[in-house]
Amino acid sequence: MILTRLKHHLAAFGADTRRWPKKHHRLWHWLAGTPRFRNERSEAERLDRVLDRWQGEAPSEHLAQRIIQQALALPQQSMPPIAPQPDIVVWPFASYWPGMATFGLALIMGCLLGWYGGGTNGTTSEDWLNTAALSPMQEDFSER
Amino acid sequence: MKSGTGLQSRQREQKSDAPAAGDEVLMGRVVQGNHEAFSLLVHRHTPRMYALARRISGLSAEAEEILQDAFLRVWVNAGTWSPQKGTFAVWLGRIVVNLCIDRRRGDRYEPWGDDEPLIEARSDLESELFQQQQTEQVALAIEELPVRQRTALALCYYEGFSNAEAAEILDISVGALEALLVRARRALRERLAPLIRT
């Protein structure tokens, strides 16, 4: 498996192991230097030497300056403000927020009603009236 | 004027840029409209990206236009960049490669001026011509490759991108990239057999 992979690397990236994948680089470098792969390596080296004859041209000296002048004359496209990424936790209870708010509001309303709503509540008033009406009769009962 | 192989130029680039601000930091400033940061990025990446465009497109005038277009897009659309999209070099490489491929799909570009490099008169003209011919043979063989194979070779072999970065630029898997490289080198070995034997 490893040997097949090594041959594949030689065929894909050439003989210079600096071009090879970085993973297990030292192992590949050591294996590529062993005599067992001499033929594959020398074949890859020959092709590398030929490919290296086509060296890259440097760009003209003024290219970078021309690019900068042209680009900076243009306005940058304004982008809408970036929405927070879903994986960034800004408020951990975001999904519970509507439910918690409703519960809180209901609790406050309940307390307010309980506190100030006594005078308007019919049941409480009737109880008070009944108590007041029955209080003289209570004395009669207690005499007996 | 030669710039050397991409692998070497990239290593030189990394050494000389070590204390300088990273691409991603500079790009963060470009997003805010910083001219100096943009200039630094252009100067830093022009040689490598020009070489990449030149190897894919085949013409220096076209490569210059592609590079201009790519950097204009970087400046104008800087707000669309985010570090989550990968490194700046990979992002820029993808823009350059896409522009090259788009142009190849359309009509063949016809340069306005004479694009052929002039051979300077030298005492060792014969040797120069011989080397020039060999270079042209290699360039021609690479130009005859299918565009994706040529791009994969330019990215990994000449410009020193890692296989993962090149795969990201081409928007393919690493395995598919390696298959492209194997096919490209196999085809080149056949086409350049006379040169390899000498």
# chains A, B, ... in the order shown; residues from 1 in each chain; ligands from 1

call {"tool": "residues_around", "arguments": {"residues": "B:Pro47", "least_positions_apart": "3", "cutoff": "7 Å", "atoms": "only C-alpha atoms", "output": "MDAnalysis selection string"}}
result
(chainID A and resid 58:59) or (chainID B and resid 50:51)

call {"tool": "interface_residues", "arguments": {"of": "chain A", "to": "chain B", "cutoff": "6 Å", "atoms": "only C-alpha atoms", "output": "list of chain:residue names"}}
result
A:Ala11, A:Ala12, A:Arg46, A:Arg53, A:Trp54, A:Gln55, A:Gly56, A:Glu57, A:Ala58, A:Ala64, A:Ile67, A:Ala71, A:Gln76, A:Gln77, A:Met79

call {"tool": "write_last_selection", "arguments": {"atoms": "C-alpha atoms", "output": "PDB file, in the first residue's frame"}}
result
ATOM      1  CA  ALA A  11       4.265   9.943 -10.865  1.00  0.00           C
ATOM      2  CA  ALA A  12       2.157  12.901  -9.718  1.00  0.00           C
ATOM      3  CA  ARG A  46      14.666  13.350 -15.938  1.00  0.00           C
ATOM      4  CA  ARG A  53      13.736  24.436 -18.611  1.00  0.00           C
ATOM      5  CA  TRP A  54      10.527  26.415 -18.916  1.00  0.00           C
ATOM      6  CA  GLN A  55      11.163  28.992 -16.267  1.00  0.00           C
ATOM      7  CA  GLY A  56       8.534  31.546 -15.466  1.00  0.00           C
ATOM      8  CA  GLU A  57       8.795  35.003 -16.923  1.00  0.00           C
ATOM      9  CA  ALA A  58       8.799  37.872 -14.498  1.00  0.00           C
ATOM     10  CA  ALA A  64       1.977  46.076 -10.253  1.00  0.00           C
ATOM     11  CA  ILE A  67      -2.829  47.509 -11.360  1.00  0.00           C
ATOM     12  CA  ALA A  71      -7.909  49.531  -8.910  1.00  0.00           C
ATOM     13  CA  GLN A  76     -15.248  49.505  -3.442  1.00  0.00           C
ATOM     14  CA  GLN A  77     -18.553  47.715  -3.421  1.00  0.00           C
ATOM     15  CA  MET A  79     -21.430  45.209   1.509  1.00  0.00           C
TER      16      MET A  79
END

call {"tool": "atom_distance", "arguments": {"atom1": "atom CA of B:Ala154", "atom2": "atom CA of A:Trp30"}}
result
26.2 Å

call {"tool": "select_by_dssp", "arguments": {"residues": "stretch 41-190 of chain B", "states": "alpha helix (DSSP H)", "output": "ChimeraX atom specification"}}
result
/B:41-57,60-76,88-105,125-143,147-153,163-170,174-190

call {"tool": "write_last_selection", "arguments": {"atoms": "C-alpha atoms", "output": "mmCIF file, in the first residue's frame"}}
result
data_model
loop_
_atom_site.group_PDB
_atom_site.id
_atom_site.type_symbol
_atom_site.label_atom_id
_atom_site.label_comp_id
_atom_site.auth_asym_id
_atom_site.auth_seq_id
_atom_site.Cartn_x
_atom_site.Cartn_y
_atom_site.Cartn_z
ATOM 1 C CA LEU B 41 -0.733 42.615 -1.533
ATOM 2 C CA VAL B 42 -0.392 43.483 -5.215
ATOM 3 C CA HIS B 43 3.402 43.726 -5.020
ATOM 4 C CA ARG B 44 3.628 40.526 -3.006
ATOM 5 C CA HIS B 45 1.460 38.343 -5.236
ATOM 6 C CA THR B 46 2.000 39.764 -8.717
ATOM 7 C CA PRO B 47 5.082 37.659 -9.653
ATOM 8 C CA ARG B 48 3.568 34.344 -8.650
ATOM 9 C CA MET B 49 0.089 34.995 -10.005
ATOM 10 C CA TYR B 50 1.465 36.409 -13.225
ATOM 11 C CA ALA B 51 3.560 33.257 -13.711
ATOM 12 C CA LEU B 52 0.484 31.133 -13.032
ATOM 13 C CA ALA B 53 -1.666 33.044 -15.526
ATOM 14 C CA ARG B 54 1.171 33.015 -18.064
ATOM 15 C CA ARG B 55 1.537 29.238 -17.850
ATOM 16 C CA ILE B 56 -2.187 28.605 -18.179
ATOM 17 C CA SER B 57 -3.037 31.215 -20.800
ATOM 18 C CA SER B 60 2.151 37.342 -21.542
ATOM 19 C CA ALA B 61 -0.227 40.111 -22.682
ATOM 20 C CA GLU B 62 -3.212 37.958 -21.777
ATOM 21 C CA ALA B 63 -1.639 37.060 -18.438
ATOM 22 C CA GLU B 64 -1.226 40.750 -17.633
ATOM 23 C CA GLU B 65 -4.859 41.459 -18.453
ATOM 24 C CA ILE B 66 -6.012 38.519 -16.355
ATOM 25 C CA LEU B 67 -3.954 39.691 -13.427
ATOM 26 C CA GLN B 68 -5.290 43.232 -13.722
ATOM 27 C CA ASP B 69 -8.821 41.921 -13.847
ATOM 28 C CA ALA B 70 -8.208 39.641 -10.851
ATOM 29 C CA PHE B 71 -6.814 42.410 -8.644
ATOM 30 C CA LEU B 72 -9.590 44.805 -9.673
ATOM 31 C CA ARG B 73 -12.057 42.201 -8.467
ATOM 32 C CA VAL B 74 -10.141 41.813 -5.218
ATOM 33 C CA TRP B 75 -10.330 45.572 -4.582
ATOM 34 C CA VAL B 76 -13.928 46.119 -5.650
ATOM 35 C CA PHE B 88 -5.821 34.900 0.486
ATOM 36 C CA ALA B 89 -3.385 33.202 -1.932
ATOM 37 C CA VAL B 90 -5.867 30.395 -2.551
ATOM 38 C CA TRP B 91 -8.730 32.877 -3.040
ATOM 39 C CA LEU B 92 -6.708 34.969 -5.473
ATOM 40 C CA GLY B 93 -5.434 31.830 -7.212
ATOM 41 C CA ARG B 94 -9.007 30.703 -7.733
ATOM 42 C CA ILE B 95 -9.945 34.060 -9.272
ATOM 43 C CA VAL B 96 -6.937 33.929 -11.615
ATOM 44 C CA VAL B 97 -7.546 30.315 -12.631
ATOM 45 C CA ASN B 98 -11.248 30.947 -13.268
ATOM 46 C CA LEU B 99 -10.455 33.987 -15.408
ATOM 47 C CA CYS B 100 -7.902 31.953 -17.393
ATOM 48 C CA ILE B 101 -10.364 29.108 -17.948
ATOM 49 C CA ASP B 102 -13.156 31.528 -18.896
ATOM 50 C CA ARG B 103 -10.945 33.116 -21.530
ATOM 51 C CA ARG B 104 -9.939 29.728 -22.896
ATOM 52 C CA ARG B 105 -13.584 28.801 -23.255
ATOM 53 C CA LEU B 125 23.640 33.218 -29.750
ATOM 54 C CA GLU B 126 23.698 29.640 -30.970
ATOM 55 C CA SER B 127 23.541 28.161 -27.510
ATOM 56 C CA GLU B 128 20.881 30.681 -26.581
ATOM 57 C CA LEU B 129 18.810 29.704 -29.579
ATOM 58 C CA PHE B 130 19.162 26.017 -28.766
ATOM 59 C CA GLN B 131 18.000 26.576 -25.225
ATOM 60 C CA GLN B 132 15.213 28.806 -26.465
ATOM 61 C CA GLN B 133 14.019 26.055 -28.804
ATOM 62 C CA GLN B 134 13.989 23.523 -26.003
ATOM 63 C CA THR B 135 12.097 25.884 -23.749
ATOM 64 C CA GLU B 136 9.561 26.471 -26.491
ATOM 65 C CA GLN B 137 9.155 22.718 -26.976
ATOM 66 C CA VAL B 138 8.415 22.283 -23.277
ATOM 67 C CA ALA B 139 6.039 25.255 -23.257
ATOM 68 C CA LEU B 140 4.248 23.963 -26.340
ATOM 69 C CA ALA B 141 3.908 20.447 -24.909
ATOM 70 C CA ILE B 142 2.404 21.882 -21.733
ATOM 71 C CA GLU B 143 0.116 24.184 -23.699
ATOM 72 C CA VAL B 147 -6.649 22.991 -19.528
ATOM 73 C CA ARG B 148 -7.316 21.290 -16.192
ATOM 74 C CA GLN B 149 -4.184 19.151 -16.412
ATOM 75 C CA ARG B 150 -2.168 22.202 -17.381
ATOM 76 C CA THR B 151 -3.624 24.210 -14.507
ATOM 77 C CA ALA B 152 -2.937 21.433 -11.991
ATOM 78 C CA LEU B 153 0.668 21.208 -13.195
ATOM 79 C CA ASN B 163 -1.976 19.572 -3.301
ATOM 80 C CA ALA B 164 -4.740 20.604 -0.876
ATOM 81 C CA GLU B 165 -4.504 24.265 -1.924
ATOM 82 C CA ALA B 166 -4.484 23.379 -5.619
ATOM 83 C CA ALA B 167 -7.481 21.102 -5.148
ATOM 84 C CA GLU B 168 -9.312 23.947 -3.392
ATOM 85 C CA ILE B 169 -8.490 26.364 -6.216
ATOM 86 C CA LEU B 170 -9.741 23.920 -8.838
ATOM 87 C CA VAL B 174 -7.199 15.953 -3.693
ATOM 88 C CA GLY B 175 -7.493 12.534 -5.328
ATOM 89 C CA ALA B 176 -8.864 14.070 -8.527
ATOM 90 C CA LEU B 177 -6.051 16.614 -8.522
ATOM 91 C CA GLU B 178 -3.425 13.907 -8.178
ATOM 92 C CA ALA B 179 -5.026 11.981 -11.028
ATOM 93 C CA LEU B 180 -4.797 15.112 -13.199
ATOM 94 C CA LEU B 181 -1.123 15.476 -12.310
ATOM 95 C CA VAL B 182 -0.347 11.843 -13.093
ATOM 96 C CA ARG B 183 -2.059 12.122 -16.487
ATOM 97 C CA ALA B 184 -0.318 15.402 -17.261
ATOM 98 C CA ARG B 185 3.149 14.064 -16.459
ATOM 99 C CA ARG B 186 2.490 10.846 -18.362
ATOM 100 C CA ALA B 187 1.466 12.800 -21.456
ATOM 101 C CA LEU B 188 4.464 15.103 -21.131
ATOM 102 C CA ARG B 189 6.840 12.165 -20.767
ATOM 103 C CA GLU B 190 5.626 10.865 -24.125
#
